[in-house]
$ cat run_16.cif   # mmCIF, C-alpha atoms
data_upload
loop_
_atom_site.label_atom_id
_atom_site.label_comp_id
_atom_site.auth_asym_id
_atom_site.auth_seq_id
_atom_site.Cartn_x
_atom_site.Cartn_y
_atom_site.Cartn_z
CA MET A 1 103.69 117.41 101.79
CA ASN A 2 104.86 119.78 99.06
CA GLU A 3 107.73 122.05 100.18
CA LYS A 4 106.03 125.24 98.93
CA ILE A 5 102.74 124.36 100.61
CA LEU A 6 104.55 123.58 103.84
CA ALA A 7 106.44 126.88 103.68
CA LEU A 8 103.18 128.80 103.15
CA LEU A 9 101.53 126.95 106.04
CA VAL A 10 104.44 127.71 108.35
CA GLN A 11 104.30 131.38 107.38
CA LEU A 12 100.52 131.55 107.87
CA ILE A 13 100.68 129.83 111.24
CA THR A 14 103.59 131.81 112.65
CA GLN A 15 102.22 135.17 111.52
CA THR A 16 98.71 134.40 112.83
CA ILE A 17 100.00 133.34 116.23
CA GLN A 18 102.43 136.24 116.53
CA ALA A 19 99.72 138.74 115.57
CA GLY A 20 96.73 137.18 117.32
CA GLY A 21 98.28 135.63 120.41
CA TYR A 22 96.05 133.15 122.20
CA ALA A 23 93.11 134.12 119.97
CA GLY A 24 95.26 133.27 116.95
CA ILE A 25 96.03 129.83 118.39
CA ALA A 26 92.33 129.23 119.07
CA ALA A 27 91.34 130.39 115.57
CA LEU A 28 93.90 128.12 113.88
CA MET A 29 92.84 125.12 115.95
CA ALA A 30 89.18 125.86 115.17
CA LEU A 31 89.98 125.74 111.46
CA ASN A 32 91.96 122.52 111.95
CA SER A 33 89.13 120.80 113.83
CA SER A 34 86.45 121.93 111.40
CA GLY A 35 88.08 119.92 108.62
CA ILE A 36 90.59 122.37 107.16
CA PRO A 37 93.97 120.59 107.17
CA ILE A 38 96.14 123.10 109.01
CA PRO A 39 98.39 120.77 111.03
CA SER A 40 98.20 121.03 114.80
CA GLU A 41 101.70 119.51 114.65
CA LEU A 42 102.86 122.95 113.46
CA ILE A 43 100.48 125.17 115.42
CA MET A 44 101.08 123.86 118.92
CA PRO A 45 104.86 123.29 118.78
CA PHE A 46 105.39 126.84 117.50
CA SER A 47 103.16 128.08 120.33
CA GLY A 48 105.32 126.05 122.71
CA TYR A 49 108.41 127.69 121.23
CA LEU A 50 106.90 131.09 122.07
CA VAL A 51 106.39 129.80 125.62
CA TYR A 52 110.13 129.12 125.67
CA MET A 53 110.70 132.68 124.43
CA GLY A 54 108.62 134.03 127.33
CA ARG A 55 105.77 135.39 125.22
CA PHE A 56 103.09 132.89 126.22
CA SER A 57 101.96 130.83 129.19
CA PHE A 58 102.11 127.07 128.62
CA VAL A 59 98.77 126.50 130.36
CA LEU A 60 96.99 129.23 128.39
CA VAL A 61 98.44 127.94 125.10
CA VAL A 62 96.97 124.49 125.75
CA ILE A 63 93.63 125.93 126.89
CA ALA A 64 93.41 128.19 123.82
CA GLY A 65 94.13 125.22 121.56
CA SER A 66 91.48 123.08 123.26
CA LEU A 67 88.85 125.86 123.10
CA GLY A 68 89.54 126.31 119.39
CA CYS A 69 89.34 122.56 118.88
CA ASN A 70 85.89 122.45 120.49
CA VAL A 71 84.60 125.35 118.40
CA GLY A 72 85.82 123.82 115.14
CA SER A 73 84.61 120.37 116.15
CA ALA A 74 81.15 121.75 116.89
CA VAL A 75 80.97 123.09 113.33
CA ALA A 76 82.10 119.79 111.80
CA TYR A 77 79.73 117.85 114.07
CA TRP A 78 76.82 120.07 113.03
CA ILE A 79 77.61 119.59 109.33
CA GLY A 80 77.71 115.82 109.82
CA ALA A 81 74.52 115.77 111.88
CA LYS A 82 72.54 117.97 109.47
CA GLY A 83 73.88 116.82 106.12
CA GLY A 84 75.50 113.44 106.59
CA ARG A 85 72.49 111.15 106.83
CA PRO A 86 70.52 112.79 104.00
CA LEU A 87 73.66 112.58 101.85
CA VAL A 88 74.06 108.84 102.48
CA THR A 89 70.33 108.15 102.11
CA ARG A 90 70.13 109.98 98.80
CA TYR A 91 73.58 109.41 97.30
CA GLY A 92 74.83 106.35 99.19
CA LYS A 93 75.67 104.59 95.93
CA TRP A 94 78.06 107.35 94.96
CA VAL A 95 79.67 107.92 98.37
CA LEU A 96 80.17 104.13 98.74
CA MET A 97 78.15 103.83 101.94
CA SER A 98 74.87 102.01 102.43
CA GLN A 99 72.13 102.66 104.96
CA HIS A 100 73.21 99.47 106.74
CA GLU A 101 76.76 100.76 107.06
CA LEU A 102 75.44 104.08 108.32
CA ASP A 103 73.47 102.22 110.98
CA ARG A 104 76.61 100.28 111.94
CA MET A 105 78.59 103.49 112.28
CA THR A 106 75.84 104.93 114.49
CA TRP A 107 75.97 101.82 116.67
CA PHE A 108 79.76 102.07 116.87
CA PHE A 109 79.69 105.68 118.07
CA GLU A 110 76.92 104.92 120.54
CA ARG A 111 79.01 102.11 122.05
CA TYR A 112 82.64 103.15 121.44
CA GLY A 113 82.34 106.83 120.57
CA SER A 114 84.06 108.02 123.74
CA ILE A 115 87.29 106.11 123.15
CA ALA A 116 87.14 106.80 119.39
CA ILE A 117 86.99 110.56 119.98
CA LEU A 118 89.58 110.45 122.77
CA LEU A 119 92.12 108.55 120.66
CA GLY A 120 91.15 110.32 117.44
CA ARG A 121 92.07 113.66 119.00
CA MET A 122 95.60 112.34 119.50
CA LEU A 123 96.15 111.05 115.95
CA PRO A 124 97.55 113.35 113.24
CA VAL A 125 95.20 113.91 110.28
CA VAL A 126 92.45 111.81 111.94
CA GLN A 127 91.85 114.53 114.54
CA THR A 128 91.02 116.99 111.76
CA PHE A 129 88.09 114.91 110.49
CA VAL A 130 86.88 112.78 113.43
CA ALA A 131 84.05 115.16 114.40
CA PHE A 132 82.23 114.72 111.07
CA PRO A 133 81.38 110.98 111.44
CA ALA A 134 80.50 111.60 115.10
CA GLY A 135 77.95 114.13 113.88
CA ILE A 136 76.58 111.75 111.27
CA ALA A 137 76.14 109.12 113.98
CA LYS A 138 74.64 111.80 116.26
CA MET A 139 76.85 110.88 119.18
CA GLY A 140 75.72 112.59 122.40
CA ARG A 141 76.90 116.21 122.23
CA LEU A 142 77.99 116.49 125.87
CA ARG A 143 79.94 113.22 125.70
CA PHE A 144 81.45 114.30 122.38
CA HIS A 145 82.76 117.58 123.80
CA ILE A 146 83.99 116.03 127.06
CA TYR A 147 86.20 113.55 125.20
CA THR A 148 87.18 116.13 122.60
CA THR A 149 88.41 118.33 125.43
CA ALA A 150 90.22 115.50 127.20
CA GLY A 151 91.97 114.24 124.06
CA SER A 152 92.92 117.70 122.83
CA LEU A 153 94.33 118.74 126.22
CA VAL A 154 96.60 115.68 126.32
CA TRP A 155 97.78 115.93 122.70
CA TYR A 156 98.22 119.70 122.63
CA SER A 157 100.14 119.58 125.92
CA CYS A 158 102.56 117.09 124.36
CA LEU A 159 102.99 119.17 121.20
CA ALA A 160 103.42 122.47 123.05
CA TRP A 161 105.86 120.85 125.50
CA ALA A 162 107.90 119.51 122.57
CA GLY A 163 108.05 122.98 121.00
CA MET A 164 109.02 124.51 124.33
CA LYS A 165 111.81 121.98 124.91
CA LEU A 166 113.16 122.37 121.39
CA GLY A 167 113.68 126.02 122.26
CA GLU A 168 116.58 127.62 120.49
CA ARG A 169 116.94 124.72 118.04
CA TRP A 170 113.56 125.58 116.47
CA ASN A 171 115.11 127.65 113.66
CA SER A 172 118.60 126.17 113.62
CA ASP A 173 118.33 122.38 113.59
CA PRO A 174 117.40 121.00 110.12
CA ARG A 175 116.64 117.60 111.64
CA LEU A 176 113.40 118.99 113.07
CA GLU A 177 112.01 119.74 109.62
CA GLN A 178 113.21 116.33 108.35
CA LEU A 179 111.50 114.61 111.28
CA PHE A 180 108.27 116.48 110.58
CA HIS A 181 108.35 115.45 106.92
CA ARG A 182 108.96 111.78 107.73
CA PHE A 183 106.30 111.73 110.42
CA HIS A 184 103.66 113.24 108.16
CA LEU A 185 104.68 111.05 105.23
CA VAL A 186 104.06 107.91 107.28
CA VAL A 187 100.68 109.20 108.48
CA GLU A 188 99.60 110.33 105.02
CA LEU A 189 100.58 106.97 103.49
CA ALA A 190 98.62 105.14 106.19
CA ILE A 191 95.53 107.29 105.53
CA LEU A 192 95.91 106.77 101.77
CA LEU A 193 96.09 103.00 102.20
CA CYS A 194 92.95 103.06 104.35
CA VAL A 195 91.09 105.10 101.72
CA VAL A 196 92.22 102.76 98.92
CA TRP A 197 91.15 99.72 100.95
CA PHE A 198 87.77 101.31 101.73
CA VAL A 199 87.04 102.14 98.09
CA TRP A 200 88.27 98.75 96.83
CA SER A 201 86.24 96.78 99.38
CA ARG A 202 83.05 98.73 98.64
CA LEU A 203 83.41 98.40 94.87
CA ASN A 204 84.21 94.70 95.20
CA ARG A 205 81.19 94.15 97.44
CA ARG A 206 78.94 95.98 94.99
CA LYS A 207 80.34 93.91 92.08
CA ASN A 208 79.63 90.65 93.92
CA ALA A 209 76.14 91.82 94.80
CA ASP A 210 75.38 92.67 91.18
CA ALA A 211 76.74 89.29 90.03
CA ALA A 212 74.50 87.47 92.47
#
$ encode --input "run_16.cif" --output "structure tokens"
Amino acid sequence: MNEKILALLVQLITQTIQAGGYAGIAALMALNSSGIPIPSELIMPFSGYLVYMGRFSFVLVVIAGSLGCNVGSAVAYWIGAKGGRPLVTRYGKWVLMSQHELDRMTWFFERYGSIAILLGRMLPVVQTFVAFPAGIAKMGRLRFHIYTTAGSLVWYSCLAWAGMKLGERWNSDPRLEQLFHRFHLVVELAILLCVVWFVWSRLNRRKNADAA
């Protein structure tokens, strides 16, 4: 992640949380879960740091994060449910997804959606976008929000606890920033490789189909 972008994100997140309190945490997590890549790995640890400072309650920090996650996820789910299928049906050739693949994704979320959402809420980057395909597949709304809540509570508790335990080292230990960079670099590379593989496999499949 670019240093300047990271610095701006950190400034935005810290100022929003300091000014808005729990509502600021919820608002940031709503943006994150609606598909706007504001890292929860910055939001929740900083909130945990403020718990260490005595400004916040650990429990309320986690609850605010989970509430925001559900609000943002509901928006992303709705977009997927209302626009996803028509998009694939009409422009499937251009978005590299066929009706058959859409049906397979629907089947997957019907059968494994619970575990997919639960684990997806605990994976960096993935958690920002996981609600959209669930909406496209029209996974049951109640089940979707139950597992969104469960996964977010676990993950946000871990992140807030880490920020709380880091305490006074938050602004003084350069290794924390280095660790964040390395962690996100690995995740971003993994996501990039998955995207490249997806595009390559779809183009290769289409080429073979045209040749046949």
$ resolve_selection --input "run_16.cif" --expression "the PyMOL selection byres ((chain A and resi 135-142) around 6)" --output "PDB file with C-alpha atoms, keeping the file's coordinate frame"
ATOM      1  CA  TYR A  77      79.730 117.850 114.070  1.00  0.00           C
ATOM      2  CA  GLY A  80      77.710 115.820 109.820  1.00  0.00           C
ATOM      3  CA  ALA A  81      74.520 115.770 111.880  1.00  0.00           C
ATOM      4  CA  GLY A  84      75.500 113.440 106.590  1.00  0.00           C
ATOM      5  CA  THR A 106      75.840 104.930 114.490  1.00  0.00           C
ATOM      6  CA  PHE A 132      82.230 114.720 111.070  1.00  0.00           C
ATOM      7  CA  PRO A 133      81.380 110.980 111.440  1.00  0.00           C
ATOM      8  CA  ALA A 134      80.500 111.600 115.100  1.00  0.00           C
ATOM      9  CA  ARG A 143      79.940 113.220 125.700  1.00  0.00           C
ATOM     10  CA  PHE A 144      81.450 114.300 122.380  1.00  0.00           C
ATOM     11  CA  HIS A 145      82.760 117.580 123.800  1.00  0.00           C
TER      12      HIS A 145
END
$ resolve_selection --input "run_16.cif" --expression "the PyMOL selection byres ((chain A and resi 15-21) around 10)" --output "list in words"
Leu9, Val10, Gln11, Leu12, Ile13, Thr14, Tyr22, Ala23, Gly24, Ile25, Ala26, Ala27, Leu28, Ile43, Met44, Phe46, Ser47, Leu50, Arg55, Phe56, Val61 and Ala64 of chain A
$ closest_residue --input "run_16.cif" --among "A:Ile79, A:Ala131, A:Leu166, A:Val59" --to "Val154 (chain A)" --atoms "all atoms listed in the file"
A:Val59
$ atom_distance --input "run_16.cif" --atom1 "CA of Val71 (chain A)" --atom2 "CA of Val125 (chain A)"
17.6 Å
$ closest_residue --input "run_16.cif" --among "A:Leu31, A:Val126, A:Ala150, A:Met164" --to "Ser57 (chain A)" --atoms "all atoms listed in the file"
A:Met164
$ closest_residue --input "run_16.cif" --among "A:Gly83, A:Gly167, A:Leu159, A:Gln127" --to "Pro45 (chain A)" --atoms "all atoms listed in the file"
A:Leu159
$ atom_distance --input "run_16.cif" --atom1 "CA of Gly151 (chain A)" --atom2 "CA of Gly35 (chain A)"
16.9 Å
